[in-house]
Amino acid sequence: MTASRATPPSEMSRRLTFLFAVAAGAAIANLYWAQPLLGFIAADLHAGTATAGWLVTATQVGYAVGVLLLVPLGDVLDRRRFVPVMLLTSAAALLLCALAPSIGVLILAVGVLGVTTISGQVLTPLAGDLAGDAHRGRIVGVVGSGTLTGILASRAISGFVADAAGWRAIFGLAAGVAVLLAILLHRAIPPLAPRTRMPYPALIASVGGVVVRERAARWTLVLAATGFASFTLLWTALTFLLSGPPFEYPVPVIGSFGLAGLAGALVVQRAGRLHDRGWSLPATGAAWVLALGAFAVAAFAGRSVVLIVIVLIMIDVALQAQALLNRARLFAVSHVARSRLNTALGIGNFIGGALGSAAATVLWSVGGWTAVTTTGMGLCCFALAVWALGRRGPLVVRGATADHGEG
């Protein structure tokens with residue numbers, strides 16, 4: 001196995017950075033189109049609500065498989081071809097979703113969609129490769145803001161499109177967008193030699209090898225998983241809160257609350273600049289203090305829409321800022337294993353998110369909103385303890401290694 005000696009451009013252009021952000025947001029949005037439409041889909045395909053709920057599970061499990069088995073290929077393939085191919089494959093899956101004649105076919109289609117819609121997870125480390133050291137945090141922050149925007153806006157967009165043209169329309173529209181982005185990215189991504197070469201089994205095995213060898217990566221992954229668990233804990237419980245008394249909002253209104261989190265997308269771009277200036281760890285601590293304050297305010301927000309919106313802005317600013325800082329630190333660990341490090345980050349976030357969602361369901365049944373917010377504060381305190389212990393040692397990236405592929 002040999003590492004490529006090709007030197008990437010010093011930084012990305014603004015136009016290419018914007019295109020990466022849009023493509024990353026569109027890709028991640030594919031995971032969430034169906035979530036607010038389960039009732040519509042169940043009624044149209046004559047399926048039970050519980051059966052329709054498997055659409056969410058199939059999409060997320062498929063995505064986890066794609067992150068594990070496909071994202072590492074970003075370190076060994078020509079990404080100018082790899083990214084468009086994945087976009088075109090996801091477009092085919094989206095068309096199958098739009099044309100699905102039964103709930104069984106739709107569940108299969110969204111599973112395939114989850115596996116293939118990983119182009120955003122390839123574009124983010126690619127942006128890190130193309131950006132110079134002095135601008136990497138800012139560039140990754142912009143691309144990350146696109147991802148966050150896609151997550152938050154997808155539910156609202158899906159609900160409005162479904163109301164206007166039916167649930168199938170959103171999948172057809174997304175397929176067209178994926179094809180367009182595949183064409184644009186194939187033309188825009190500059191030639192860049194693979195960072196390393198190795199057999200596929202060794203490539204997948206090396207994902208764990210990077211984490212085992214790098215203490216900073218392990219500690220950062222703990223913070224990242226805790227952040228995603230806190231994020232999904234709040235947003236899952238929020239659906240229960242807003243759909244019941246005293247609010248009893250319909251699905252489109254609940255989905256529109258995600259737009260309050262778009263403030264986090266704007267802050268994420270600025271957080272990248274903090275990393276570039278060497279303030280990554282102090283800013284991470286500040287972000288977790290803000291998250292703790294958000295959950296404390298949330299404890300009193302159970303009957304106030306205004307307070308809920310304030311909480312959503314605070315929590316998204318805090319958790320998305322620390323997520324960007326975590327990713328930027330991980331990319332600084334190795335020059336040649338950024339896709340594999342992003343794979344480890346994605347897997348950790350998936351586990352944290354799944355645990356957060358599951359915990360929200362259990363906590364809501366036993367203690368309602370109070371149990372959820374108390375647990376959220378506990379998670380923030382745990383993260384702050386990890387940060388305090390690691391900020392002068394384990395969380396410090398001493399210097400990027402040249403190659404993480406061996407062993």
# chains A, B, ... in the order shown; residues from 1 in each chain; ligands from 1

$ closest_atom_pairs --of "stretch 298-365 of chain A" --to "stretch 193-206 of chain A" --cutoff "12 Å" --atoms "only C-alpha atoms" --output "JSON lines"
{"residue": "A:Ser334", "atom": "CA", "partner": "A:Arg195", "partner_atom": "CA", "distance": 10.7}
{"residue": "A:His335", "atom": "CA", "partner": "A:Arg195", "partner_atom": "CA", "distance": 8.0}
{"residue": "A:Val336", "atom": "CA", "partner": "A:Arg195", "partner_atom": "CA", "distance": 5.2}
{"residue": "A:Ala337", "atom": "CA", "partner": "A:Arg195", "partner_atom": "CA", "distance": 7.7}
{"residue": "A:Arg338", "atom": "CA", "partner": "A:Arg195", "partner_atom": "CA", "distance": 9.3}
{"residue": "A:Ser339", "atom": "CA", "partner": "A:Arg195", "partner_atom": "CA", "distance": 10.0}
{"residue": "A:Arg340", "atom": "CA", "partner": "A:Ser206", "partner_atom": "CA", "distance": 7.7}
{"residue": "A:Leu341", "atom": "CA", "partner": "A:Ser206", "partner_atom": "CA", "distance": 9.8}
{"residue": "A:Thr343", "atom": "CA", "partner": "A:Ile204", "partner_atom": "CA", "distance": 9.6}
{"residue": "A:Ala344", "atom": "CA", "partner": "A:Ser206", "partner_atom": "CA", "distance": 10.3}

$ residues_around --residues "stretch 99-104 of chain A" --least-positions-apart "2" --cutoff "10 Å" --atoms "only C-alpha atoms" --output "MDAnalysis selection string"
chainID A and resid 41:42 44:48 51:52 54:55 93:97 106:109 168:169 171:172

$ select_by_dssp --residues "stretch 79-321 of chain A" --states "helix (DSSP H, G or I)" --output "PyMOL selection string"
chain A and resi 79-99+103-116+119-130+136-165+167-188+200-213+215-243+251-276+280-298+305-321

$ closest_atom_pairs --of "stretch 53-120 of chain A" --to "stretch 178-183 of chain A" --cutoff "9 Å" --atoms "only C-alpha atoms" --output "Markdown table"
| residue | atom | partner | partner_atom | distance |
| --- | --- | --- | --- | --- |
| A:Val83 | CA | A:Ala182 | CA | 7.3 |
| A:Pro84 | CA | A:Ala182 | CA | 4.3 |
| A:Val85 | CA | A:Ala182 | CA | 7.3 |
| A:Met86 | CA | A:Ala182 | CA | 8.3 |
| A:Leu87 | CA | A:Ala178 | CA | 5.6 |
| A:Leu88 | CA | A:Val179 | CA | 5.8 |
| A:Ser90 | CA | A:Ala178 | CA | 7.3 |
| A:Ala91 | CA | A:Ala178 | CA | 5.6 |

$ closest_residue --among "A:Gly272, A:Gly258, A:Gly278, A:Pro191" --to "A:Phe82" --atoms "only C-alpha atoms"
A:Pro191

$ closest_atom_pairs --of "stretch 96-197 of chain A" --to "stretch 61-72 of chain A" --cutoff "6 Å" --atoms "only C-alpha atoms" --output "JSON lines"
{"residue": "A:Gly111", "atom": "CA", "partner": "A:Gly62", "partner_atom": "CA", "distance": 4.8}
{"residue": "A:Gly114", "atom": "CA", "partner": "A:Tyr63", "partner_atom": "CA", "distance": 4.0}
{"residue": "A:Val115", "atom": "CA", "partner": "A:Gly66", "partner_atom": "CA", "distance": 4.1}
{"residue": "A:Val122", "atom": "CA", "partner": "A:Val71", "partner_atom": "CA", "distance": 5.9}

$ write_last_selection --atoms "N, CA, C and O atoms" --output "JSON list (two decimals), in the first residue's frame"
[["chain", "number", "residue", "atom", "x", "y", "z"],
["A", 111, "GLY", "N", -34.56, 1.56, 1.87],
["A", 111, "GLY", "CA", -33.34, 0.92, 2.38],
["A", 111, "GLY", "C", -32.19, 1.10, 1.40],
["A", 111, "GLY", "O", -31.06, 1.45, 1.80],
["A", 114, "GLY", "N", -31.04, 4.65, 1.49],
["A", 114, "GLY", "CA", -30.16, 4.92, 2.62],
["A", 114, "GLY", "C", -28.73, 4.49, 2.34],
["A", 114, "GLY", "O", -27.77, 5.21, 2.65],
["A", 115, "VAL", "N", -28.56, 3.33, 1.72],
["A", 115, "VAL", "CA", -27.21, 2.83, 1.41],
["A", 115, "VAL", "C", -26.49, 3.76, 0.44],
["A", 115, "VAL", "O", -25.28, 4.01, 0.57],
["A", 122, "VAL", "N", -18.92, 11.73, 1.66],
["A", 122, "VAL", "CA", -17.69, 11.70, 0.86],
["A", 122, "VAL", "C", -17.23, 13.11, 0.53],
["A", 122, "VAL", "O", -16.03, 13.40, 0.50]]

$ residues_around --residues "A:Ala323" --least-positions-apart "5" --cutoff "9 Å" --atoms "only C-alpha atoms" --output "list of chain:residue names"
A:Leu223, A:Ala224, A:Gly227, A:Phe228, A:Val268, A:Thr284, A:Ala318, A:Ala328

$ write_last_selection --atoms "N, CA and C atoms" --output "compact mmCIF listing (two decimals), in the first residue's frame"
# COMPACT_ATOMS: atom_id res chain seq x y z
N LEU A 223 -17.30 12.53 22.33
CA LEU A 223 -18.01 13.81 22.37
C LEU A 223 -19.03 13.91 21.24
N ALA A 224 -18.65 13.46 20.06
CA ALA A 224 -19.55 13.55 18.91
C ALA A 224 -20.79 12.69 19.11
N GLY A 227 -23.07 14.28 21.57
CA GLY A 227 -23.78 15.41 20.98
C GLY A 227 -24.95 14.98 20.12
N PHE A 228 -24.75 13.93 19.32
CA PHE A 228 -25.84 13.48 18.45
C PHE A 228 -26.94 12.82 19.28
N VAL A 268 -22.47 27.43 12.39
CA VAL A 268 -21.50 26.39 12.06
C VAL A 268 -20.42 26.94 11.15
N THR A 284 -15.29 24.31 21.83
CA THR A 284 -16.07 23.10 22.12
C THR A 284 -16.65 23.14 23.53
N ALA A 318 -25.42 25.23 19.61
CA ALA A 318 -24.44 24.57 20.46
C ALA A 318 -23.98 23.23 19.90
N ALA A 328 -13.61 18.78 12.27
CA ALA A 328 -12.39 19.46 11.84
C ALA A 328 -11.17 18.90 12.58

$ residues_around --residues "A:Arg80" --least-positions-apart "3" --cutoff "9 Å" --atoms "only C-alpha atoms" --output "number ranges by chain"
A: 77, 83-84, 185-192

$ atom_distance --atom1 "atom CA of A:Gly53" --atom2 "atom CA of A:Pro36"
10.5 Å

$ residues_around --residues "A:Leu319" --least-positions-apart "2" --cutoff "8 Å" --atoms "only C-alpha atoms" --output "PyMOL selection string"
chain A and resi 227-228+231+287-288+291+315-317+321-323

$ write_last_selection --atoms "N, CA and C atoms" --output "mmCIF file, in the first residue's frame"
data_model
loop_
_atom_site.group_PDB
_atom_site.id
_atom_site.type_symbol
_atom_site.label_atom_id
_atom_site.label_comp_id
_atom_site.auth_asym_id
_atom_site.auth_seq_id
_atom_site.Cartn_x
_atom_site.Cartn_y
_atom_site.Cartn_z
ATOM 1 N N GLY A 227 -23.075 14.281 21.575
ATOM 2 C CA GLY A 227 -23.780 15.413 20.978
ATOM 3 C C GLY A 227 -24.954 14.976 20.124
ATOM 4 N N PHE A 228 -24.747 13.931 19.319
ATOM 5 C CA PHE A 228 -25.837 13.478 18.454
ATOM 6 C C PHE A 228 -26.942 12.820 19.277
ATOM 7 N N PHE A 231 -28.974 15.626 20.610
ATOM 8 C CA PHE A 231 -29.740 16.232 19.521
ATOM 9 C C PHE A 231 -31.005 15.427 19.231
ATOM 10 N N ALA A 287 -19.492 25.550 23.646
ATOM 11 C CA ALA A 287 -20.678 24.996 22.993
ATOM 12 C C ALA A 287 -21.442 24.077 23.939
ATOM 13 N N TRP A 288 -20.729 23.269 24.702
ATOM 14 C CA TRP A 288 -21.400 22.361 25.629
ATOM 15 C C TRP A 288 -22.027 23.110 26.807
ATOM 16 N N ALA A 291 -25.234 24.261 25.401
ATOM 17 C CA ALA A 291 -26.182 23.147 25.307
ATOM 18 C C ALA A 291 -26.797 22.841 26.665
ATOM 19 N N ILE A 315 -29.959 25.028 21.155
ATOM 20 C CA ILE A 315 -29.435 23.667 21.079
ATOM 21 C C ILE A 315 -28.810 23.399 19.726
ATOM 22 N N ASP A 316 -29.372 23.957 18.668
ATOM 23 C CA ASP A 316 -28.796 23.732 17.351
ATOM 24 C C ASP A 316 -27.477 24.484 17.190
ATOM 25 N N VAL A 317 -27.418 25.711 17.688
ATOM 26 C CA VAL A 317 -26.150 26.453 17.648
ATOM 27 C C VAL A 317 -25.076 25.692 18.411
ATOM 28 N N ALA A 321 -22.283 23.416 16.361
ATOM 29 C CA ALA A 321 -20.946 24.000 16.443
ATOM 30 C C ALA A 321 -19.946 22.977 16.959
ATOM 31 N N GLN A 322 -20.304 22.258 18.022
ATOM 32 C CA GLN A 322 -19.359 21.265 18.542
ATOM 33 C C GLN A 322 -19.181 20.113 17.562
ATOM 34 N N ALA A 323 -20.235 19.785 16.794
ATOM 35 C CA ALA A 323 -20.105 18.717 15.802
ATOM 36 C C ALA A 323 -19.113 19.103 14.707
#

$ closest_residue --among "A:Val311, A:Val289, A:Ala296, A:Ala360" --to "A:Ser230" --atoms "only C-alpha atoms"
A:Ala360

$ closest_residue --among "A:Leu16, A:Val207, A:Thr375, A:Gly302" --to "A:Pro245" --atoms "only C-alpha atoms"
A:Gly302

$ closest_atom_pairs --of "stretch 306-336 of chain A" --to "stretch 136-146 of chain A" --cutoff "10 Å" --atoms "only C-alpha atoms" --output "JSON lines"
{"residue": "A:Gln320", "atom": "CA", "partner": "A:Ser145", "partner_atom": "CA", "distance": 8.6}
{"residue": "A:Ala321", "atom": "CA", "partner": "A:Gly141", "partner_atom": "CA", "distance": 8.7}
{"residue": "A:Ala323", "atom": "CA", "partner": "A:Gly144", "partner_atom": "CA", "distance": 9.0}
{"residue": "A:Leu324", "atom": "CA", "partner": "A:Gly141", "partner_atom": "CA", "distance": 6.2}
{"residue": "A:Leu325", "atom": "CA", "partner": "A:Gly137", "partner_atom": "CA", "distance": 7.8}
{"residue": "A:Arg327", "atom": "CA", "partner": "A:Val140", "partner_atom": "CA", "distance": 8.2}
{"residue": "A:Ala328", "atom": "CA", "partner": "A:Gly137", "partner_atom": "CA", "distance": 5.7}
{"residue": "A:Arg329", "atom": "CA", "partner": "A:Gly137", "partner_atom": "CA", "distance": 8.7}
{"residue": "A:Phe331", "atom": "CA", "partner": "A:Arg136", "partner_atom": "CA", "distance": 8.9}
{"residue": "A:Ala332", "atom": "CA", "partner": "A:Arg136", "partner_atom": "CA", "distance": 9.1}

$ residues_around --residues "A:Ser304" --least-positions-apart "6" --cutoff "12 Å" --atoms "only C-alpha atoms" --output "number ranges by chain"
A: 241-242, 245-247, 297-298, 310-311

$ write_last_selection --atoms "C-alpha atoms" --output "PDB file, in the first residue's frame"
ATOM      1  CA  LEU A 241     -44.645  17.379  23.005  1.00  0.00           C
ATOM      2  CA  LEU A 242     -46.001  19.346  20.043  1.00  0.00           C
ATOM      3  CA  PRO A 245     -51.889  18.892  24.582  1.00  0.00           C
ATOM      4  CA  PRO A 246     -51.730  21.829  24.963  1.00  0.00           C
ATOM      5  CA  PHE A 247     -50.362  22.267  21.415  1.00  0.00           C
ATOM      6  CA  VAL A 297     -34.384  26.473  29.646  1.00  0.00           C
ATOM      7  CA  ALA A 298     -36.205  23.567  27.986  1.00  0.00           C
ATOM      8  CA  ILE A 310     -35.455  29.778  21.856  1.00  0.00           C
ATOM      9  CA  VAL A 311     -34.391  26.311  23.019  1.00  0.00           C
TER      10      VAL A 311
END
